[in-house]
>>> print(open('query.tsv').read())   # TSV, C-alpha atoms
chain	number	residue	atom	x	y	z
A	573	MET	CA	-42.98	13.23	-26.89
A	574	ILE	CA	-44.32	16.09	-24.78
A	575	GLU	CA	-47.16	15.17	-22.44
A	576	LEU	CA	-49.32	17.57	-20.45
A	577	ASP	CA	-51.76	15.96	-18.03
A	578	THR	CA	-54.27	18.54	-16.75
A	579	ALA	CA	-51.28	20.86	-16.19
A	580	GLU	CA	-52.16	24.20	-14.63
A	581	VAL	CA	-50.14	27.26	-13.62
A	582	THR	CA	-51.50	29.63	-10.99
A	583	ALA	CA	-50.11	32.57	-9.01
A	584	TRP	CA	-51.09	34.67	-6.01
A	585	ALA	CA	-52.08	38.23	-6.86
A	586	PRO	CA	-53.77	41.11	-5.03
A	587	PRO	CA	-57.30	41.93	-6.23
A	588	PRO	CA	-57.70	45.19	-8.24
A	589	GLY	CA	-59.43	47.02	-5.39
A	590	GLY	CA	-57.10	45.80	-2.66
A	591	GLY	CA	-57.75	43.26	0.06
A	592	ARG	CA	-56.56	39.70	0.43
A	593	ASP	CA	-54.50	38.04	-2.28
A	594	ARG	CA	-56.31	35.67	-4.58
A	595	VAL	CA	-55.25	32.80	-6.83
A	596	VAL	CA	-55.03	33.75	-10.50
A	597	ARG	CA	-54.97	31.09	-13.18
A	598	LEU	CA	-52.26	31.84	-15.75
A	599	LEU	CA	-52.61	28.69	-17.81
A	600	GLY	CA	-54.63	25.53	-17.97
A	601	PRO	CA	-55.65	23.01	-17.20
A	602	VAL	CA	-54.02	21.71	-20.39
A	603	SER	CA	-54.01	18.08	-21.51
A	604	ALA	CA	-52.20	17.15	-24.72
A	605	ARG	CA	-49.88	14.56	-26.23
A	606	LEU	CA	-47.47	16.30	-28.57
A	607	ALA	CA	-45.64	13.71	-30.64
A	608	GLU	CA	-45.18	15.67	-33.87
A	609	HIS	CA	-41.74	16.78	-35.02
A	610	ARG	CA	-42.55	20.50	-35.21
A	611	ILE	CA	-45.32	22.03	-33.09
A	612	ALA	CA	-46.16	25.73	-33.21
A	613	VAL	CA	-47.98	27.70	-30.52
A	614	VAL	CA	-49.73	30.93	-31.50
A	615	GLY	CA	-51.76	33.50	-29.61
A	616	ALA	CA	-51.98	37.15	-28.69
A	617	ASN	CA	-49.64	38.87	-26.27
A	618	GLY	CA	-50.49	37.84	-22.71
A	619	SER	CA	-52.48	34.80	-23.83
A	620	GLY	CA	-50.32	32.32	-21.91
A	621	LYS	CA	-48.29	30.85	-24.76
A	622	SER	CA	-44.92	31.79	-23.24
A	623	THR	CA	-46.10	30.31	-19.93
A	624	LEU	CA	-46.79	27.11	-21.86
A	625	ALA	CA	-43.26	27.16	-23.30
A	626	ARG	CA	-41.72	27.71	-19.89
A	627	LEU	CA	-43.89	24.96	-18.42
A	628	VAL	CA	-42.66	22.45	-21.01
A	629	GLY	CA	-39.10	23.71	-20.58
A	630	GLY	CA	-39.17	23.14	-16.83
A	631	LEU	CA	-38.69	26.83	-16.03
A	632	VAL	CA	-42.15	26.94	-14.46
A	633	ARG	CA	-43.51	24.05	-12.40
A	634	PRO	CA	-47.15	23.08	-12.76
A	635	SER	CA	-49.29	24.18	-9.82
A	636	SER	CA	-51.30	21.02	-10.45
A	637	GLY	CA	-51.18	18.21	-12.95
A	638	ALA	CA	-47.97	17.04	-14.60
A	639	VAL	CA	-45.71	17.70	-17.57
A	640	ARG	CA	-43.40	15.06	-19.04
A	641	VAL	CA	-40.83	15.32	-21.82
A	642	ASP	CA	-39.88	11.91	-23.21
A	643	GLY	CA	-41.01	10.42	-19.91
A	644	LEU	CA	-39.10	12.88	-17.71
A	645	ASP	CA	-41.30	14.71	-15.22
A	646	THR	CA	-40.38	18.40	-15.37
A	647	ALA	CA	-40.91	18.83	-11.61
A	648	ARG	CA	-39.27	15.63	-10.32
A	649	ASP	CA	-36.58	15.02	-12.95
A	650	ALA	CA	-35.24	18.55	-13.36
A	651	THR	CA	-31.55	17.58	-13.52
A	652	ALA	CA	-32.09	14.93	-16.18
A	653	LEU	CA	-34.40	17.28	-18.08
A	654	ARG	CA	-31.63	19.90	-18.38
A	655	ARG	CA	-29.50	17.31	-20.18
A	656	HIS	CA	-32.39	16.32	-22.43
A	657	LEU	CA	-34.01	19.60	-23.41
A	658	GLY	CA	-32.76	22.92	-24.80
A	659	ILE	CA	-34.43	26.33	-24.65
A	660	LEU	CA	-34.06	29.24	-27.06
A	661	PHE	CA	-35.32	32.61	-25.78
A	662	THR	CA	-36.60	35.71	-27.56
A	663	ASP	CA	-33.55	37.81	-26.67
A	664	PRO	CA	-30.25	35.98	-27.29
A	665	ASP	CA	-28.45	38.42	-24.97
A	666	ALA	CA	-30.33	36.71	-22.12
A	667	GLN	CA	-28.46	33.46	-22.71
A	668	LEU	CA	-25.11	34.39	-24.25
A	669	LEU	CA	-22.73	34.42	-21.28
A	670	MET	CA	-19.18	34.56	-22.62
A	671	PRO	CA	-17.21	37.34	-24.35
A	672	THR	CA	-16.78	35.55	-27.70
A	673	PRO	CA	-18.81	33.03	-29.73
A	674	LEU	CA	-16.09	30.41	-29.40
A	675	GLU	CA	-16.02	30.72	-25.61
A	676	ASP	CA	-19.80	30.58	-25.40
A	677	VAL	CA	-20.09	27.30	-27.29
A	678	MET	CA	-17.11	25.86	-25.41
A	679	LEU	CA	-18.91	26.69	-22.14
A	680	SER	CA	-21.92	24.66	-23.30
A	681	LEU	CA	-19.64	21.76	-24.18
A	682	ARG	CA	-18.61	21.48	-20.54
A	683	ARG	CA	-22.01	19.86	-19.98
A	684	THR	CA	-21.24	17.12	-22.52
A	685	PRO	CA	-18.86	14.15	-22.68
A	686	VAL	CA	-16.62	16.00	-25.18
A	687	PRO	CA	-13.05	15.93	-23.73
A	688	ALA	CA	-11.56	19.30	-22.79
A	689	ALA	CA	-8.83	18.89	-25.42
A	690	GLU	CA	-11.47	18.58	-28.16
A	691	ARG	CA	-13.82	21.37	-27.13
A	692	ARG	CA	-12.24	24.09	-29.22
A	693	ALA	CA	-12.42	22.09	-32.44
A	694	THR	CA	-15.95	20.91	-31.64
A	695	ALA	CA	-17.10	24.46	-30.87
A	696	LEU	CA	-15.62	25.71	-34.16
A	697	ALA	CA	-17.49	22.97	-36.00
A	698	TRP	CA	-20.77	24.10	-34.42
A	699	LEU	CA	-20.06	27.71	-35.32
A	700	ASP	CA	-19.22	26.71	-38.88
A	701	ARG	CA	-22.56	24.93	-39.15
A	702	PHE	CA	-24.25	28.32	-38.70
A	703	SER	CA	-21.72	30.32	-40.76
A	704	LEU	CA	-20.20	31.91	-37.66
A	705	ALA	CA	-16.72	30.35	-37.73
A	706	ASP	CA	-15.14	33.54	-39.11
A	707	ARG	CA	-16.58	35.42	-36.10
A	708	ALA	CA	-15.47	32.87	-33.52
A	709	GLU	CA	-13.18	35.21	-31.61
A	710	LEU	CA	-14.94	38.52	-32.16
A	711	PRO	CA	-16.73	40.17	-29.23
A	712	VAL	CA	-20.30	38.88	-29.05
A	713	HIS	CA	-21.65	42.43	-28.87
A	714	VAL	CA	-20.52	43.23	-32.45
A	715	LEU	CA	-22.71	40.46	-33.91
A	716	SER	CA	-26.04	41.33	-35.49
A	717	GLY	CA	-29.24	40.28	-33.77
A	718	GLY	CA	-29.65	37.38	-36.16
A	719	GLN	CA	-26.08	36.22	-35.69
A	720	LYS	CA	-26.55	36.33	-31.92
A	721	GLN	CA	-29.66	34.16	-32.19
A	722	LEU	CA	-27.78	31.66	-34.37
A	723	LEU	CA	-24.98	31.65	-31.79
A	724	ALA	CA	-27.50	31.01	-29.01
A	725	LEU	CA	-28.91	28.15	-31.10
A	726	ALA	CA	-25.42	26.71	-31.67
A	727	SER	CA	-24.67	26.87	-27.94
A	728	VAL	CA	-27.91	25.08	-27.11
A	729	LEU	CA	-27.50	22.41	-29.79
A	730	ALA	CA	-23.90	21.73	-28.72
A	731	THR	CA	-25.36	19.98	-25.66
A	732	GLU	CA	-27.24	17.65	-28.06
A	733	PRO	CA	-30.76	18.02	-26.61
A	734	HIS	CA	-33.53	15.70	-27.79
A	735	VAL	CA	-36.22	18.40	-27.59
A	736	LEU	CA	-35.95	22.14	-28.26
A	737	VAL	CA	-38.37	24.73	-26.85
A	738	CYS	CA	-38.24	28.08	-28.65
A	739	ASP	CA	-40.03	31.07	-27.10
A	740	GLU	CA	-40.54	33.64	-29.88
A	741	PRO	CA	-36.97	33.27	-31.21
A	742	THR	CA	-37.51	35.55	-34.24
A	743	THR	CA	-39.61	38.35	-32.68
A	744	LEU	CA	-36.66	40.79	-32.44
A	745	LEU	CA	-35.27	39.99	-35.90
A	746	ASP	CA	-35.76	41.62	-39.30
A	747	LEU	CA	-37.22	39.68	-42.22
A	748	ARG	CA	-33.88	38.38	-43.47
A	749	TRP	CA	-32.78	37.00	-40.12
A	750	ARG	CA	-36.26	35.69	-39.28
A	751	THR	CA	-36.03	33.61	-42.44
A	752	VAL	CA	-32.50	32.37	-41.67
A	753	VAL	CA	-33.30	31.39	-38.09
A	754	ASP	CA	-36.63	29.78	-38.98
A	755	GLU	CA	-35.00	27.72	-41.75
A	756	ALA	CA	-32.31	26.62	-39.30
A	757	LEU	CA	-34.97	25.49	-36.82
A	758	ALA	CA	-36.97	23.73	-39.54
A	759	ALA	CA	-33.93	21.65	-40.52
A	760	LEU	CA	-33.29	20.29	-37.02
A	761	PRO	CA	-33.77	16.58	-36.28
A	762	GLN	CA	-34.94	17.39	-32.74
A	763	GLN	CA	-38.59	17.77	-31.80
A	764	VAL	CA	-39.25	21.53	-31.75
A	765	LEU	CA	-41.95	23.38	-29.82
A	766	LEU	CA	-42.06	26.85	-31.37
A	767	VAL	CA	-43.94	29.74	-29.76
A	768	THR	CA	-44.25	32.36	-32.46
A	769	HIS	CA	-46.06	35.40	-33.84
A	770	ASP	CA	-44.77	34.52	-37.31
A	771	LEU	CA	-47.73	32.83	-38.97
A	772	GLU	CA	-45.65	31.95	-42.04
A	773	ALA	CA	-43.45	29.86	-39.76
A	774	ALA	CA	-46.41	28.43	-37.86
A	775	VAL	CA	-48.17	27.21	-41.01
A	776	ARG	CA	-45.15	25.04	-41.82
A	777	ALA	CA	-45.48	23.16	-38.53
A	778	ASP	CA	-46.98	19.70	-38.27
A	779	ARG	CA	-49.44	20.82	-35.59
A	780	VAL	CA	-50.50	24.19	-34.20
A	781	LEU	CA	-51.97	25.08	-30.80
A	782	LEU	CA	-53.88	28.31	-30.24
A	783	VAL	CA	-53.64	29.69	-26.71
A	784	ASP	CA	-56.12	32.33	-25.57
A	785	GLY	CA	-56.97	33.47	-22.05
A	786	GLY	CA	-54.67	30.84	-20.54
A	787	ALA	CA	-56.38	27.96	-22.35
A	788	VAL	CA	-55.71	25.96	-25.49
A	789	THR	CA	-58.77	26.92	-27.53
A	790	ALA	CA	-57.79	25.24	-30.81
A	791	ASP	CA	-55.43	22.39	-31.59
A	792	GLY	CA	-54.95	20.73	-34.94
A	793	ASP	CA	-53.59	21.13	-38.44
A	794	PRO	CA	-51.87	24.47	-39.18
A	795	GLU	CA	-54.38	25.96	-41.62
A	796	THR	CA	-57.45	25.26	-39.48
A	797	THR	CA	-55.88	26.51	-36.24
A	798	ILE	CA	-54.37	29.63	-37.82
A	799	ASP	CA	-57.72	30.44	-39.47
A	800	ALA	CA	-59.30	30.19	-36.01
A	801	TYR	CA	-56.64	32.57	-34.66
A	802	ARG	CA	-57.21	35.08	-37.45
A	803	GLU	CA	-60.97	35.02	-36.89
A	804	LEU	CA	-60.49	35.48	-33.14
A	805	MET	CA	-58.30	38.54	-33.73
A	806	ARG	CA	-60.74	39.98	-36.28
A	807	ALA	CA	-63.57	39.59	-33.76
A	808	ARG	CA	-61.50	41.29	-31.06
A	809	ALA	CA	-60.69	44.17	-33.44
A	810	ARG	CA	-64.36	44.66	-34.31
A	811	ALA	CA	-65.30	44.68	-30.63
A	812	ARG	CA	-63.00	47.59	-29.75
>>> encode(input="query.tsv", output="C-alpha cells")
Amino acid sequence: MIELDTAEVTAWAPPPGGGRDRVVRLLGPVSARLAEHRIAVVGANGSGKSTLARLVGGLVRPSSGAVRVDGLDTARDATALRRHLGILFTDPDAQLLMPTPLEDVMLSLRRTPVPAAERRATALAWLDRFSLADRAELPVHVLSGGQKQLLALASVLATEPHVLVCDEPTTLLDLRWRTVVDEALAALPQQVLLVTHDLEAAVRADRVLLVDGGAVTADGDPETTIDAYRELMRARARAR
C-alpha cells in the first residue's frame, strides 16, 4: 500500500527576471491510497511524474504532507524503507556498479540474509531467471540496453523488496526489449508503481494516474485516464 497524504514537493528558484528566490511547486499536494498491484503514472515530459516516483521511492522528501509505503514513512523510516522498496531507473548504467553481472547481483545480496558462501549460486539463479546466466561473467558494458535493464531488475529483486518503483524503465529500449522488460515487470508478485510513456504498458495496469503541471489531474481505470491524457495532448497540439 502506497499512501500520499497531501504530499507536496517544492524548491527554491530565482525568478525569470532576477531578484529574490521564490518557492516553486514541483508536485502536489497529492493525496491518494494506492493499493492496486500494478499502478501506472503517465504524463508529458516535465509534468512531475518522475518527481512522484522519486517521492514514493524516498529519493525526494515531501516539503509538506507525508508519504508512506506499507506503513513506513519515507522521511522518518528511510533505513527500513531501503530494505522494503526497490527502484528501477530509466538508464540501467546509473545503477549497475560492478564489472560483471554476477558481481553486481552478488553486491545486492550483501544487503540480504543470504550467507556469503551461497551468494554466488543465488546470484546465478537470479541471472538465470532473466536469461542472463550465460553472460554472468562478461563485462557489463558488452550487454545490450535491454539486457542491462534486466540485470538492473535482477539486482533490485535480489534484495526481495515488497514494492518496486520504476521510473520510465523502457524509455531507452527498442520495441523488442520494451516488450521483454514490460512482461518481466508484469509477472512480478510485488506491487509495482510504473512511470511510463508506453501507453500499451499503462493500459494493462490496474489503475492509472495522469500527472500534469505537478498535479494528479486524472486517476482511475486505465482506459478512462489514458483517454483523458490523449485528449489533453491533442488540445495542447492544437493550441501551438
>>> residues_around(input="query.tsv", residues="Ala787 in chain A", least_positions_apart="3", cutoff="7 Å", atoms="all atoms listed in the file", output="PyMOL selection string")
chain A and resi 599-600+602+783-784
>>> write_last_selection(input="query.tsv", atoms="C-alpha atoms", output="mmCIF file, keeping the file's coordinate frame")
data_model
loop_
_atom_site.group_PDB
_atom_site.id
_atom_site.type_symbol
_atom_site.label_atom_id
_atom_site.label_comp_id
_atom_site.auth_asym_id
_atom_site.auth_seq_id
_atom_site.Cartn_x
_atom_site.Cartn_y
_atom_site.Cartn_z
ATOM 1 C CA LEU A 599 -52.610 28.690 -17.810
ATOM 2 C CA GLY A 600 -54.630 25.530 -17.970
ATOM 3 C CA VAL A 602 -54.020 21.710 -20.390
ATOM 4 C CA VAL A 783 -53.640 29.690 -26.710
ATOM 5 C CA ASP A 784 -56.120 32.330 -25.570
#
>>> closest_atom_pairs(input="query.tsv", of="range 584-608 of chain A", to="range 790-802 of chain A", cutoff="12 Å", atoms="all atoms listed in the file", output="tab-separated table")
residue	atom	partner	partner_atom	distance
A:Val602	CA	A:Asp791	CA	11.3
A:Ser603	CA	A:Asp791	CA	11.1
A:Ala604	CA	A:Asp791	CA	9.2
A:Arg605	CA	A:Asp791	CA	11.0
A:Leu606	CA	A:Asp791	CA	10.5
A:Glu608	CA	A:Asp793	CA	11.0
>>> closest_residue(input="query.tsv", among="A:Leu624, A:Ala811, A:Val735, A:Ile611", to="Leu598 in chain A", atoms="all atoms listed in the file")
A:Leu624
>>> closest_residue(input="query.tsv", among="A:Thr646, A:Ser636, A:Gln762, A:Thr578", to="Pro733 in chain A", atoms="only C-alpha atoms")
A:Gln762
>>> closest_atom_pairs(input="query.tsv", of="range 580-672 of chain A", to="range 763-777 of chain A", cutoff="12 Å", atoms="all atoms listed in the file", output="Markdown table")
| residue | atom | partner | partner_atom | distance |
| --- | --- | --- | --- | --- |
| A:Leu606 | CA | A:Leu765 | CA | 9.1 |
| A:Ala607 | CA | A:Gln763 | CA | 8.2 |
| A:Glu608 | CA | A:Gln763 | CA | 7.2 |
| A:His609 | CA | A:Gln763 | CA | 4.6 |
| A:Arg610 | CA | A:Val764 | CA | 4.9 |
| A:Ile611 | CA | A:Leu765 | CA | 4.9 |
| A:Ala612 | CA | A:Leu766 | CA | 4.6 |
| A:Val613 | CA | A:Val767 | CA | 4.6 |
| A:Val614 | CA | A:Thr768 | CA | 5.7 |
| A:Gly615 | CA | A:His769 | CA | 7.3 |
| A:Ala616 | CA | A:His769 | CA | 8.0 |
| A:Asn617 | CA | A:His769 | CA | 9.1 |
| A:Ser619 | CA | A:Val767 | CA | 11.6 |
| A:Gly620 | CA | A:Val767 | CA | 10.4 |
| A:Lys621 | CA | A:Val767 | CA | 6.7 |
| A:Ser622 | CA | A:Val767 | CA | 6.9 |
| A:Thr623 | CA | A:Val767 | CA | 10.1 |
| A:Leu624 | CA | A:Val767 | CA | 8.8 |
| A:Ala625 | CA | A:Val767 | CA | 7.0 |
| A:Arg626 | CA | A:Val767 | CA | 10.3 |
| A:Leu627 | CA | A:Leu765 | CA | 11.7 |
| A:Val628 | CA | A:Leu765 | CA | 8.9 |
| A:Gly629 | CA | A:Leu765 | CA | 9.7 |
| A:Val641 | CA | A:Gln763 | CA | 10.5 |
| A:Asp642 | CA | A:Gln763 | CA | 10.5 |
| A:His656 | CA | A:Gln763 | CA | 11.3 |
| A:Leu657 | CA | A:Gln763 | CA | 9.7 |
| A:Gly658 | CA | A:Val764 | CA | 9.6 |
| A:Ile659 | CA | A:Leu765 | CA | 9.6 |
| A:Leu660 | CA | A:Leu766 | CA | 9.4 |
| A:Phe661 | CA | A:Val767 | CA | 9.9 |
| A:Thr662 | CA | A:Thr768 | CA | 9.7 |
>>> residues_near_point(input="query.tsv", point="(-15.9, 27.4, -25.3)", cutoff="10 Å", atoms="all atoms listed in the file", output="ChimeraX atom specification")
/A:670,672-682,688,691-696,708,727
>>> residues_around(input="query.tsv", residues="range 721-724 of chain A", least_positions_apart="3", cutoff="8 Å", atoms="only C-alpha atoms", output="VMD selection string")
chain A and resid 660 663 to 664 667 to 668 673 677 699 702 704 717 to 718 727 to 728 741 753
>>> atom_distance(input="query.tsv", atom1="CA of Leu736 in chain A", atom2="CA of Ala652 in chain A")
14.6 Å
>>> atom_distance(input="query.tsv", atom1="CA of Leu576 in chain A", atom2="CA of Ala638 in chain A")
6.0 Å
>>> closest_residue(input="query.tsv", among="A:Thr742, A:Ala726, A:Gly643, A:Ala705", to="Leu760 in chain A", atoms="all atoms listed in the file")
A:Ala726
>>> closest_residue(input="query.tsv", among="A:Asp706, A:Asp700, A:Gly785, A:Leu747", to="Arg597 in chain A", atoms="all atoms listed in the file")
A:Gly785
>>> atom_distance(input="query.tsv", atom1="CA of Pro761 in chain A", atom2="CA of Pro671 in chain A")
29.1 Å
>>> axis_aligned_box(input="query.tsv", around="range 670-675 of chain A", padding_each_side="4 Å", output="AutoDock Vina command-line options")
--center_x -17.6 --center_y 33.9 --center_z -26.2 --size_x 11.2 --size_y 14.9 --size_z 15.1
>>> closest_residue(input="query.tsv", among="A:Asp778, A:Glu580, A:Asp649, A:Asp665", to="Ser635 in chain A", atoms="only C-alpha atoms")
A:Glu580
